[in-house]
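Scroll down for the structure; my scribbles are underneath it.
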Amino acid sequence: MRSQLPGPGPKGPTNEWKTIKTLLPYLWPEGETGLRIRVVAALILLAAAKGTNVAVPIFYKQAVDSLTTGGPAAGTVIAVPIALLIFYGLARIMAQAFGELRDAVFTRVAQRAIRLAGLRTFRHLHRLSLRFHLERKTGGVSRAVERGTKGIEFLLRFMLFNVLPTVLEVAMVCGILWYLYGVGYAVLTFAILIVYILWTLGITEWRLKFRRTMNEMDNEASTKAIDSLLNFETVKYFGNEDHEAGRFDKALQSYERAAVQSGTSLAVLNIGQGVVISAGVVAAMILAGQGVADGSMTIGDFVLVNSYLIQVFVPLNFLGFVYREIKRSLIDMEAMFELLEENPDIADKPGAAPLKSGPGEIRFDGVSFAYDTRRPILKGIDFHVPAGHSVAIVGPSGSGKSTLSRILYRFYDVSAGTVSIDGQDITMLTQDSLRAAIGIVPQDTVLFNDTVYYNIAYGNPKASPADVEAAAKLARIHDFVMSLPDGYQSKVGERGLKLSGGEKQRVAIARTILKDPRILMFDEATSALDSRTEQDILTSFRDVSKNRTTLTIAHRLSTVIDADEILVLLAGEIVERGTHTSLLAKDGVYADMWARQQEARLAAEKLSTLESPQTS
């Protein structure tokens with residue numbers, strides 16, 4: 001298990017081939033006969049385009065020779081070059097047409113690969129465990145996926161339709177030059193190609209460290225920016241705008257330094273490439289010029305050699321850029337594909353079965369748990385929630401109350417003991433079926449940046465508008481929503497910041513009601529509500545909880561006095577259990593907590609009474 005966002009990791013040819021190997025199934029997808037036909041058709045069109053392109057200079061040479069050497073009769077001198085020039089033009093048009101058709105045919109393959117890779121990564125991120133998401137850097141993950149999907153498109157298009165065609169064209173040109181003018185021209189062309197490639201590979205490998213630094217600093221800057229903007233109010237509370245700007249600028253400065261180094265080293269690469277190409281063209285033209293001078297070659301041959309060299313070296317010059325971008329794309333794709341190698345802490349076991357229908361009985365038997373083995377959180381927890389009953393878990397902060405809800409949802413597996421629902425061990429169940437049976441109203445409600453309707457309907461996306469409104473009424477939020485200018489279509493803002501804490505929790509309650517689960521969990525679900533709203537919500541809880549198994553985690557004891565059983569958790573152990581009345585009679589931990597909260601409530605009411613004349 002890896003607990004941090006994957007970094008670039010070890011680099012080199014092995015890692016790059018691994019990345020390409022990961023990409024290949026998207027290029028040749030199983031069960032997609034139509035896409036496979038498109039790949040084959042694109043390759044055929046590629047070969048046709050290059051074959052036609054290589055024939056173009058031959059027509060040009062013959063036209064030049066016809067013009068310079070004359071013809072057998074005056075009447076035909078003009079006709080022959082015109083016909084050759086027409087063929088020359090048609091060949092150029094066909095080469096371009098084949099290339100455009102190739103791109104058109106392959107576009108669907110490339111876009112499908114991008115979509116499938118992005119979707120697979122997105123699904124995998126949701127399958128990863130809570131531990132990963134607590135430790136992740138959201139901005140870095142987002143940028144890794146964004147750059148990775150763009151890298152796929154670039155790699156597919158340029159690897160298949162620039163690198164391979166250029167290699168094919170170089171091989172064909174070397175063969176033609178060898179056949180027409182001897183091995184010398186072929187060897188010279190091939191030697192120039194080798195020197196160019198060696199220079200490009202060597203300098204590009206040196207430059208890649210600057211690209212990796214740029215990516216890392218880009219991730220860092222994005223992470224800091226998103227984190228700061230998500231905590232906009234906190235920044236304002238403490239007046240730390242300059243502090244946040246300084247943190248962001250520090251990452252940008254590192255990116256700037258790496259970008260300057262990358263740009264400077266690019267100049268070195270381009271100058272070297274220019275020298276190699278110019279030297280090669282000059283050498284070949286000197287040889288061809290000598291051939292014309294000694295009569296072994298015609299002017300058309302001189303033009304043919306020049307045309308082939310330019311035809312090869314122009315894309316070869318572009319190949320330097322393509323190679324750099326392919327390397328960059330591979331680096332970008334590595335980060336995304338490494339996310340796919342992250343293994344979830346919690347996974348369905350082989351043969352895991354769906355949760356069978358039942359009344360919703362919950363049982364914790366000898367449950368122990370620790371996030372870190374050096375610090376146990378729960379110690380031998382035993383309790384039973386009969387179907388249709390309500391059990392409340394209370395205790396001070398840090399006692400392990402919310403950990404119980406995470407274990408029941410199976411965000412974590414227990415260190416010892418078992419948790420079962422309707423007699424079925426939850427570790428032997430599929431996670432989807434387990435979580436479908438449980439509805440939770442958490443203490444910290446985070447909403448999607450969408451409408452009120454969307455956030456309530458999230459509990460059951462297939463629900464009708466009438467069902468959504470009914471759930472909102474039960475949660476006592478319908479009237480508030482209807483008072484908004486846009487009603488249920490009102491936007492709630494990033495993380496629901498346009499709503500108050502109480503309004504957000506009531507949306508969460510409505511969402512859970514709409515889910516209609518057999519088990520309900522309330523994790524400090526009324527902590528952000530005032531006393532009057534809390535009583536309204538508690539009335540809703542009683543209505544919603546009828547005939548459902550309910551587990552309530554609370555700090556405010558006034559919200560759990562009607563529970564069938566109350567468990568008092570202290571330092572990870574259950575120290576008391578019973579009804580509200582029996583626990584008060586014991587005069588123990590629960591009674592002490594109750595007395596303290598009642599004193600605090602009375603003091604708050606007294607203070608409110610004293611202040612009311614001044615505020616009226």
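Letters for chains follow the order of the structure tokens (A, B, ...), residue numbers begin at 1 for each chain, and ligand numbers begin at 1 in the order shown.
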Find the spatial neighbours of Arg102 in chain A, counting only C-alpha atoms, within a cut-off of 8 Å - ignore same-chain residues fewer than 5 positions away - and output them as a PDB file with N, CA, C and O atoms, in the first residue's frame.
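Dumped everything to around.pdb:
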ATOM      1  N   ALA A  41      -7.282   0.690 -40.933  1.00  0.00           N
ATOM      2  CA  ALA A  41      -7.509   1.581 -42.073  1.00  0.00           C
ATOM      3  C   ALA A  41      -6.586   2.798 -41.999  1.00  0.00           C
ATOM      4  O   ALA A  41      -6.040   3.248 -43.024  1.00  0.00           O
ATOM      5  N   ALA A  42      -6.397   3.328 -40.789  1.00  0.00           N
ATOM      6  CA  ALA A  42      -5.515   4.485 -40.628  1.00  0.00           C
ATOM      7  C   ALA A  42      -4.080   4.135 -40.997  1.00  0.00           C
ATOM      8  O   ALA A  42      -3.375   4.932 -41.640  1.00  0.00           O
ATOM      9  N   LEU A  43      -3.631   2.933 -40.645  1.00  0.00           N
ATOM     10  CA  LEU A  43      -2.270   2.512 -40.979  1.00  0.00           C
ATOM     11  C   LEU A  43      -2.112   2.311 -42.499  1.00  0.00           C
ATOM     12  O   LEU A  43      -1.067   2.629 -43.073  1.00  0.00           O
ATOM     13  N   LEU A  45      -3.856   3.907 -44.808  1.00  0.00           N
ATOM     14  CA  LEU A  45      -3.830   5.253 -45.376  1.00  0.00           C
ATOM     15  C   LEU A  45      -2.498   5.932 -45.120  1.00  0.00           C
ATOM     16  O   LEU A  45      -1.997   6.699 -45.949  1.00  0.00           O
ATOM     17  N   LEU A  46      -1.900   5.651 -43.971  1.00  0.00           N
ATOM     18  CA  LEU A  46      -0.575   6.208 -43.651  1.00  0.00           C
ATOM     19  C   LEU A  46       0.453   5.729 -44.687  1.00  0.00           C
ATOM     20  O   LEU A  46       1.224   6.525 -45.229  1.00  0.00           O
TER      21      LEU A  46
END
Would you list the contacts of range 507-511 of chain A as a PDB file with N, CA and C atoms, in the first residue's frame, taking every protein, DNA or RNA residue within 12 Å and counting only C-alpha atoms, but skipping same-chain residues closer than 6 positions in sequence?
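Written out: result-v8.pdb:
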ATOM      1  N   GLY A 439     -27.690   4.914   5.492  1.00  0.00           N
ATOM      2  CA  GLY A 439     -27.766   6.343   5.205  1.00  0.00           C
ATOM      3  C   GLY A 439     -27.170   7.120   6.365  1.00  0.00           C
ATOM      4  N   ILE A 440     -26.380   8.130   6.075  1.00  0.00           N
ATOM      5  CA  ILE A 440     -25.711   8.875   7.129  1.00  0.00           C
ATOM      6  C   ILE A 440     -25.912  10.372   6.947  1.00  0.00           C
ATOM      7  N   VAL A 441     -26.091  11.043   8.060  1.00  0.00           N
ATOM      8  CA  VAL A 441     -26.081  12.501   8.097  1.00  0.00           C
ATOM      9  C   VAL A 441     -24.842  12.881   8.896  1.00  0.00           C
ATOM     10  N   PRO A 442     -23.778  13.340   8.218  1.00  0.00           N
ATOM     11  CA  PRO A 442     -22.517  13.591   8.918  1.00  0.00           C
ATOM     12  C   PRO A 442     -22.507  14.937   9.630  1.00  0.00           C
ATOM     13  N   GLN A 443     -21.520  15.073  10.504  1.00  0.00           N
ATOM     14  CA  GLN A 443     -21.363  16.340  11.225  1.00  0.00           C
ATOM     15  C   GLN A 443     -20.918  17.445  10.272  1.00  0.00           C
ATOM     16  N   ASP A 444     -19.939  17.143   9.439  1.00  0.00           N
ATOM     17  CA  ASP A 444     -19.409  18.121   8.491  1.00  0.00           C
ATOM     18  C   ASP A 444     -20.025  17.848   7.124  1.00  0.00           C
ATOM     19  N   THR A 445     -21.076  18.569   6.804  1.00  0.00           N
ATOM     20  CA  THR A 445     -21.787  18.349   5.542  1.00  0.00           C
ATOM     21  C   THR A 445     -21.141  19.168   4.438  1.00  0.00           C
ATOM     22  N   VAL A 446     -20.694  18.494   3.397  1.00  0.00           N
ATOM     23  CA  VAL A 446     -20.109  19.163   2.232  1.00  0.00           C
ATOM     24  C   VAL A 446     -21.033  18.917   1.047  1.00  0.00           C
ATOM     25  N   LEU A 447     -21.450  19.996   0.413  1.00  0.00           N
ATOM     26  CA  LEU A 447     -22.372  19.894  -0.714  1.00  0.00           C
ATOM     27  C   LEU A 447     -21.642  20.128  -2.031  1.00  0.00           C
ATOM     28  N   PHE A 448     -22.226  19.617  -3.107  1.00  0.00           N
ATOM     29  CA  PHE A 448     -21.675  19.848  -4.439  1.00  0.00           C
ATOM     30  C   PHE A 448     -22.020  21.262  -4.894  1.00  0.00           C
ATOM     31  N   THR A 451     -27.150  22.844  -7.660  1.00  0.00           N
ATOM     32  CA  THR A 451     -28.406  23.363  -7.120  1.00  0.00           C
ATOM     33  C   THR A 451     -28.815  22.623  -5.847  1.00  0.00           C
ATOM     34  N   VAL A 452     -29.764  23.235  -5.123  1.00  0.00           N
ATOM     35  CA  VAL A 452     -30.329  22.574  -3.945  1.00  0.00           C
ATOM     36  C   VAL A 452     -30.987  21.266  -4.375  1.00  0.00           C
ATOM     37  N   TYR A 453     -31.705  21.315  -5.492  1.00  0.00           N
ATOM     38  CA  TYR A 453     -32.387  20.115  -5.987  1.00  0.00           C
ATOM     39  C   TYR A 453     -31.375  18.991  -6.235  1.00  0.00           C
ATOM     40  N   TYR A 454     -30.278  19.309  -6.915  1.00  0.00           N
ATOM     41  CA  TYR A 454     -29.282  18.280  -7.226  1.00  0.00           C
ATOM     42  C   TYR A 454     -28.734  17.669  -5.945  1.00  0.00           C
ATOM     43  N   ASN A 455     -28.442  18.493  -4.951  1.00  0.00           N
ATOM     44  CA  ASN A 455     -27.836  17.990  -3.722  1.00  0.00           C
ATOM     45  C   ASN A 455     -28.794  17.112  -2.915  1.00  0.00           C
ATOM     46  N   ILE A 456     -30.101  17.435  -2.942  1.00  0.00           N
ATOM     47  CA  ILE A 456     -31.057  16.559  -2.265  1.00  0.00           C
ATOM     48  C   ILE A 456     -31.252  15.279  -3.069  1.00  0.00           C
ATOM     49  N   ALA A 457     -31.423  15.427  -4.393  1.00  0.00           N
ATOM     50  CA  ALA A 457     -31.650  14.269  -5.268  1.00  0.00           C
ATOM     51  C   ALA A 457     -30.438  13.348  -5.325  1.00  0.00           C
ATOM     52  N   TYR A 458     -29.280  13.799  -4.818  1.00  0.00           N
ATOM     53  CA  TYR A 458     -28.081  12.960  -4.842  1.00  0.00           C
ATOM     54  C   TYR A 458     -28.295  11.676  -4.035  1.00  0.00           C
ATOM     55  N   GLY A 459     -29.243  11.734  -3.072  1.00  0.00           N
ATOM     56  CA  GLY A 459     -29.548  10.529  -2.308  1.00  0.00           C
ATOM     57  C   GLY A 459     -30.192   9.452  -3.153  1.00  0.00           C
ATOM     58  N   ASN A 460     -30.867   9.857  -4.209  1.00  0.00           N
ATOM     59  CA  ASN A 460     -31.483   8.926  -5.152  1.00  0.00           C
ATOM     60  C   ASN A 460     -31.681   9.660  -6.472  1.00  0.00           C
ATOM     61  N   PRO A 461     -30.680   9.650  -7.356  1.00  0.00           N
ATOM     62  CA  PRO A 461     -30.746  10.433  -8.598  1.00  0.00           C
ATOM     63  C   PRO A 461     -31.956  10.128  -9.466  1.00  0.00           C
ATOM     64  N   ALA A 463     -35.000   9.766  -8.312  1.00  0.00           N
ATOM     65  CA  ALA A 463     -36.216  10.196  -7.626  1.00  0.00           C
ATOM     66  C   ALA A 463     -36.930  11.270  -8.428  1.00  0.00           C
ATOM     67  N   ASP A 467     -40.845  13.438  -4.955  1.00  0.00           N
ATOM     68  CA  ASP A 467     -40.127  12.742  -3.877  1.00  0.00           C
ATOM     69  C   ASP A 467     -39.088  13.655  -3.241  1.00  0.00           C
ATOM     70  N   VAL A 468     -38.421  14.460  -4.068  1.00  0.00           N
ATOM     71  CA  VAL A 468     -37.413  15.388  -3.543  1.00  0.00           C
ATOM     72  C   VAL A 468     -38.074  16.407  -2.620  1.00  0.00           C
ATOM     73  N   GLU A 469     -39.200  16.927  -3.023  1.00  0.00           N
ATOM     74  CA  GLU A 469     -39.900  17.904  -2.190  1.00  0.00           C
ATOM     75  C   GLU A 469     -40.403  17.269  -0.898  1.00  0.00           C
ATOM     76  N   ALA A 470     -40.877  16.030  -0.971  1.00  0.00           N
ATOM     77  CA  ALA A 470     -41.363  15.342   0.227  1.00  0.00           C
ATOM     78  C   ALA A 470     -40.224  15.150   1.231  1.00  0.00           C
ATOM     79  N   ALA A 471     -39.043  14.785   0.731  1.00  0.00           N
ATOM     80  CA  ALA A 471     -37.887  14.626   1.614  1.00  0.00           C
ATOM     81  C   ALA A 471     -37.494  15.957   2.225  1.00  0.00           C
ATOM     82  N   ALA A 472     -37.558  17.030   1.434  1.00  0.00           N
ATOM     83  CA  ALA A 472     -37.216  18.355   1.946  1.00  0.00           C
ATOM     84  C   ALA A 472     -38.195  18.789   3.038  1.00  0.00           C
ATOM     85  N   LYS A 473     -39.461  18.451   2.880  1.00  0.00           N
ATOM     86  CA  LYS A 473     -40.446  18.806   3.898  1.00  0.00           C
ATOM     87  C   LYS A 473     -40.186  18.059   5.197  1.00  0.00           C
ATOM     88  N   LEU A 474     -39.846  16.779   5.101  1.00  0.00           N
ATOM     89  CA  LEU A 474     -39.531  16.012   6.304  1.00  0.00           C
ATOM     90  C   LEU A 474     -38.309  16.582   7.016  1.00  0.00           C
ATOM     91  N   ALA A 475     -37.366  17.108   6.235  1.00  0.00           N
ATOM     92  CA  ALA A 475     -36.149  17.683   6.814  1.00  0.00           C
ATOM     93  C   ALA A 475     -36.346  19.131   7.245  1.00  0.00           C
ATOM     94  N   ARG A 476     -37.569  19.658   7.088  1.00  0.00           N
ATOM     95  CA  ARG A 476     -37.895  21.029   7.495  1.00  0.00           C
ATOM     96  C   ARG A 476     -37.069  22.073   6.745  1.00  0.00           C
ATOM     97  N   ILE A 477     -36.866  21.839   5.433  1.00  0.00           N
ATOM     98  CA  ILE A 477     -36.101  22.820   4.648  1.00  0.00           C
ATOM     99  C   ILE A 477     -36.877  23.293   3.424  1.00  0.00           C
ATOM    100  N   HIS A 478     -38.036  22.692   3.179  1.00  0.00           N
ATOM    101  CA  HIS A 478     -38.812  23.038   1.985  1.00  0.00           C
ATOM    102  C   HIS A 478     -39.192  24.517   1.969  1.00  0.00           C
ATOM    103  N   PHE A 480     -37.799  27.051   3.447  1.00  0.00           N
ATOM    104  CA  PHE A 480     -36.618  27.890   3.206  1.00  0.00           C
ATOM    105  C   PHE A 480     -36.250  27.886   1.727  1.00  0.00           C
ATOM    106  N   VAL A 481     -36.269  26.714   1.113  1.00  0.00           N
ATOM    107  CA  VAL A 481     -35.897  26.613  -0.301  1.00  0.00           C
ATOM    108  C   VAL A 481     -36.863  27.419  -1.163  1.00  0.00           C
ATOM    109  N   TYR A 488     -35.706  25.553  -5.820  1.00  0.00           N
ATOM    110  CA  TYR A 488     -34.851  24.361  -5.796  1.00  0.00           C
ATOM    111  C   TYR A 488     -33.703  24.449  -6.806  1.00  0.00           C
ATOM    112  N   VAL A 492     -25.823  26.361  -4.498  1.00  0.00           N
ATOM    113  CA  VAL A 492     -25.387  26.375  -3.097  1.00  0.00           C
ATOM    114  C   VAL A 492     -23.951  26.860  -2.945  1.00  0.00           C
ATOM    115  N   GLY A 496     -21.041  24.252  -0.623  1.00  0.00           N
ATOM    116  CA  GLY A 496     -22.266  24.704   0.022  1.00  0.00           C
ATOM    117  C   GLY A 496     -22.115  25.963   0.842  1.00  0.00           C
ATOM    118  N   LEU A 499     -24.958  28.476   1.943  1.00  0.00           N
ATOM    119  CA  LEU A 499     -25.937  28.093   2.954  1.00  0.00           C
ATOM    120  C   LEU A 499     -25.304  28.140   4.336  1.00  0.00           C
ATOM    121  N   SER A 500     -26.127  28.324   5.340  1.00  0.00           N
ATOM    122  CA  SER A 500     -25.635  28.274   6.720  1.00  0.00           C
ATOM    123  C   SER A 500     -25.373  26.829   7.116  1.00  0.00           C
ATOM    124  N   GLY A 501     -24.720  26.651   8.257  1.00  0.00           N
ATOM    125  CA  GLY A 501     -24.434  25.298   8.719  1.00  0.00           C
ATOM    126  C   GLY A 501     -25.695  24.490   8.934  1.00  0.00           C
ATOM    127  N   PRO A 517     -32.695   4.212   3.302  1.00  0.00           N
ATOM    128  CA  PRO A 517     -31.908   3.043   3.707  1.00  0.00           C
ATOM    129  C   PRO A 517     -32.583   2.288   4.861  1.00  0.00           C
ATOM    130  N   LEU A 520     -30.050   3.902   9.577  1.00  0.00           N
ATOM    131  CA  LEU A 520     -29.765   5.331   9.609  1.00  0.00           C
ATOM    132  C   LEU A 520     -28.674   5.616  10.620  1.00  0.00           C
ATOM    133  N   MET A 521     -27.758   6.502  10.231  1.00  0.00           N
ATOM    134  CA  MET A 521     -26.722   6.965  11.156  1.00  0.00           C
ATOM    135  C   MET A 521     -26.756   8.482  11.189  1.00  0.00           C
ATOM    136  N   PHE A 522     -26.753   9.044  12.396  1.00  0.00           N
ATOM    137  CA  PHE A 522     -26.688  10.490  12.582  1.00  0.00           C
ATOM    138  C   PHE A 522     -25.409  10.787  13.354  1.00  0.00           C
ATOM    139  N   ASP A 523     -24.447  11.391  12.672  1.00  0.00           N
ATOM    140  CA  ASP A 523     -23.151  11.683  13.293  1.00  0.00           C
ATOM    141  C   ASP A 523     -23.107  13.176  13.633  1.00  0.00           C
ATOM    142  N   GLU A 524     -23.473  13.511  14.861  1.00  0.00           N
ATOM    143  CA  GLU A 524     -23.530  14.918  15.295  1.00  0.00           C
ATOM    144  C   GLU A 524     -24.387  15.728  14.318  1.00  0.00           C
ATOM    145  N   ALA A 525     -25.525  15.132  13.916  1.00  0.00           N
ATOM    146  CA  ALA A 525     -26.295  15.698  12.808  1.00  0.00           C
ATOM    147  C   ALA A 525     -27.008  16.993  13.138  1.00  0.00           C
ATOM    148  N   THR A 526     -27.112  17.356  14.403  1.00  0.00           N
ATOM    149  CA  THR A 526     -27.783  18.614  14.763  1.00  0.00           C
ATOM    150  C   THR A 526     -26.822  19.600  15.424  1.00  0.00           C
ATOM    151  N   ILE A 537     -35.971  19.194  13.900  1.00  0.00           N
ATOM    152  CA  ILE A 537     -35.248  18.110  13.224  1.00  0.00           C
ATOM    153  C   ILE A 537     -35.401  16.805  13.989  1.00  0.00           C
ATOM    154  N   LEU A 538     -35.361  16.883  15.336  1.00  0.00           N
ATOM    155  CA  LEU A 538     -35.524  15.664  16.136  1.00  0.00           C
ATOM    156  C   LEU A 538     -36.894  15.043  15.893  1.00  0.00           C
ATOM    157  N   SER A 540     -38.476  15.260  13.077  1.00  0.00           N
ATOM    158  CA  SER A 540     -38.317  14.606  11.766  1.00  0.00           C
ATOM    159  C   SER A 540     -37.568  13.288  11.915  1.00  0.00           C
ATOM    160  N   PHE A 541     -36.531  13.288  12.766  1.00  0.00           N
ATOM    161  CA  PHE A 541     -35.767  12.061  12.983  1.00  0.00           C
ATOM    162  C   PHE A 541     -36.677  10.943  13.478  1.00  0.00           C
ATOM    163  N   VAL A 544     -38.762   9.725  10.552  1.00  0.00           N
ATOM    164  CA  VAL A 544     -37.953   8.999   9.563  1.00  0.00           C
ATOM    165  C   VAL A 544     -37.448   7.674  10.115  1.00  0.00           C
ATOM    166  N   SER A 545     -37.167   7.646  11.423  1.00  0.00           N
ATOM    167  CA  SER A 545     -36.535   6.470  12.036  1.00  0.00           C
ATOM    168  C   SER A 545     -37.512   5.356  12.362  1.00  0.00           C
TER     169      SER A 545
END
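When CA of Ile438 in chain A is paired with CA of Arg406 in chain A, their separation reads 11.5 Å.
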Q: Rank nothing, just name the residue among A:Lys61, A:His555, A:Lys50, A:Arg374 nearest to Lys401 in chain A, using only C-alpha atoms.
A: A:His555
(Q) Which of range 390-568 of chain A end up as strand (DSSP E) when DSSP is run on this backbone - answer as a ChimeraX atom specification? (A) /A:390-394,416-421,424-425,438-441,519-523,549-554,565-568
Return as CSV the residues of range 261-327 of chain A lying at most 7 Å from range 166-188 of chain A, together with the closest atom-to-atom pair for each and the distance in Å to one decimal, counting only C-alpha atoms, with rows in chain order and ascending residue number.
residue,atom,partner,partner_atom,distance
A:Tyr308,CA,A:Val173,CA,6.8
A:Val312,CA,A:Val170,CA,6.2
A:Pro315,CA,A:Thr166,CA,6.8
Export, as an mmCIF file, in the first residue's frame, the selected residues with N, CA, C and O atoms.
data_model
loop_
_atom_site.group_PDB
_atom_site.id
_atom_site.type_symbol
_atom_site.label_atom_id
_atom_site.label_comp_id
_atom_site.auth_asym_id
_atom_site.auth_seq_id
_atom_site.Cartn_x
_atom_site.Cartn_y
_atom_site.Cartn_z
ATOM 1 N N TYR A 308 14.601 15.035 -52.124
ATOM 2 C CA TYR A 308 14.489 13.956 -51.130
ATOM 3 C C TYR A 308 15.092 14.369 -49.784
ATOM 4 O O TYR A 308 14.530 14.069 -48.721
ATOM 5 N N VAL A 312 12.987 14.679 -46.421
ATOM 6 C CA VAL A 312 13.299 13.871 -45.240
ATOM 7 C C VAL A 312 13.650 14.744 -44.052
ATOM 8 O O VAL A 312 13.181 14.515 -42.929
ATOM 9 N N PRO A 315 10.641 17.044 -41.985
ATOM 10 C CA PRO A 315 9.951 16.356 -40.880
ATOM 11 C C PRO A 315 10.907 15.871 -39.810
ATOM 12 O O PRO A 315 10.544 15.761 -38.649
#
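Considering only C-alpha atoms, the residue among A:Val305, A:Ala288, A:Leu101, A:Leu484 positioned nearest to Ala48 in chain A is A:Leu101.
Between CA of Thr189 in chain A and CA of Ser307 in chain A the separation is 12.8 Å.
Compared by their closest atoms to Val54 in chain A, and using only C-alpha atoms, the residues A:Leu193, A:Leu304, A:Leu125, A:Leu24 rank with A:Leu304 nearest.
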Which neighbours of range 408-417 of chain A fall inside 7 Å, counting only C-alpha atoms, when residues of the same chain fewer than 5 positions from it are skipped, and could you give them as a short mmCIF file (atom, residue, chain, number, x, y, z; two decimals) with N, CA, C and O atoms, in the first residue's frame?
data_model
loop_
_atom_site.label_atom_id
_atom_site.label_comp_id
_atom_site.auth_asym_id
_atom_site.auth_seq_id
_atom_site.Cartn_x
_atom_site.Cartn_y
_atom_site.Cartn_z
N SER A 129 -9.16 3.99 -0.99
CA SER A 129 -9.63 4.05 0.38
C SER A 129 -9.64 5.47 0.92
O SER A 129 -8.99 6.37 0.38
N LEU A 130 -10.36 5.64 2.03
CA LEU A 130 -10.46 6.94 2.67
C LEU A 130 -9.08 7.45 3.07
O LEU A 130 -8.80 8.64 2.99
N ILE A 346 -9.06 -1.04 1.37
CA ILE A 346 -10.25 -1.87 1.54
C ILE A 346 -10.74 -2.30 0.17
O ILE A 346 -11.05 -1.47 -0.68
N ASP A 365 -18.90 -7.10 17.73
CA ASP A 365 -18.41 -8.12 18.65
C ASP A 365 -16.90 -8.00 18.83
O ASP A 365 -16.12 -8.29 17.91
N GLY A 366 -16.48 -7.55 20.01
CA GLY A 366 -15.05 -7.47 20.33
C GLY A 366 -14.24 -6.66 19.35
O GLY A 366 -13.10 -7.03 19.02
N VAL A 367 -14.78 -5.53 18.89
CA VAL A 367 -14.13 -4.74 17.86
C VAL A 367 -13.02 -3.86 18.45
O VAL A 367 -13.25 -3.09 19.38
N SER A 368 -11.84 -4.00 17.88
CA SER A 368 -10.70 -3.15 18.21
C SER A 368 -10.19 -2.53 16.92
O SER A 368 -10.25 -3.16 15.85
N PHE A 369 -9.65 -1.31 17.03
CA PHE A 369 -9.19 -0.63 15.82
C PHE A 369 -8.16 0.43 16.19
O PHE A 369 -8.22 1.04 17.25
N ALA A 370 -7.19 0.63 15.25
CA ALA A 370 -6.19 1.68 15.42
C ALA A 370 -5.78 2.18 14.05
O ALA A 370 -5.54 1.39 13.13
N ARG A 435 -23.02 -0.22 1.57
CA ARG A 435 -23.25 1.23 1.70
C ARG A 435 -24.62 1.64 1.19
O ARG A 435 -25.16 2.66 1.61
#
Q.
as an NGL selection string, please: every residue in range 563-592 of chain A that DSSP puts in helix (DSSP H, G or I).
A. :A and (580-586 or 589-592)
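Ranking A:Ala55, A:Leu128, A:Ile574, A:Ile421 by their shortest atom-to-atom distance to Arg92 in chain A, with only C-alpha atoms included, puts A:Ala55 first.
Atom to atom, CA of Ala335 in chain A and CA of Arg147 in chain A stand 8.9 Å apart.
With distances restricted to only C-alpha atoms, A:Leu569 is the closest residue to Gly400 in chain A from A:Met333, A:Leu569, A:Ala110, A:Leu164.
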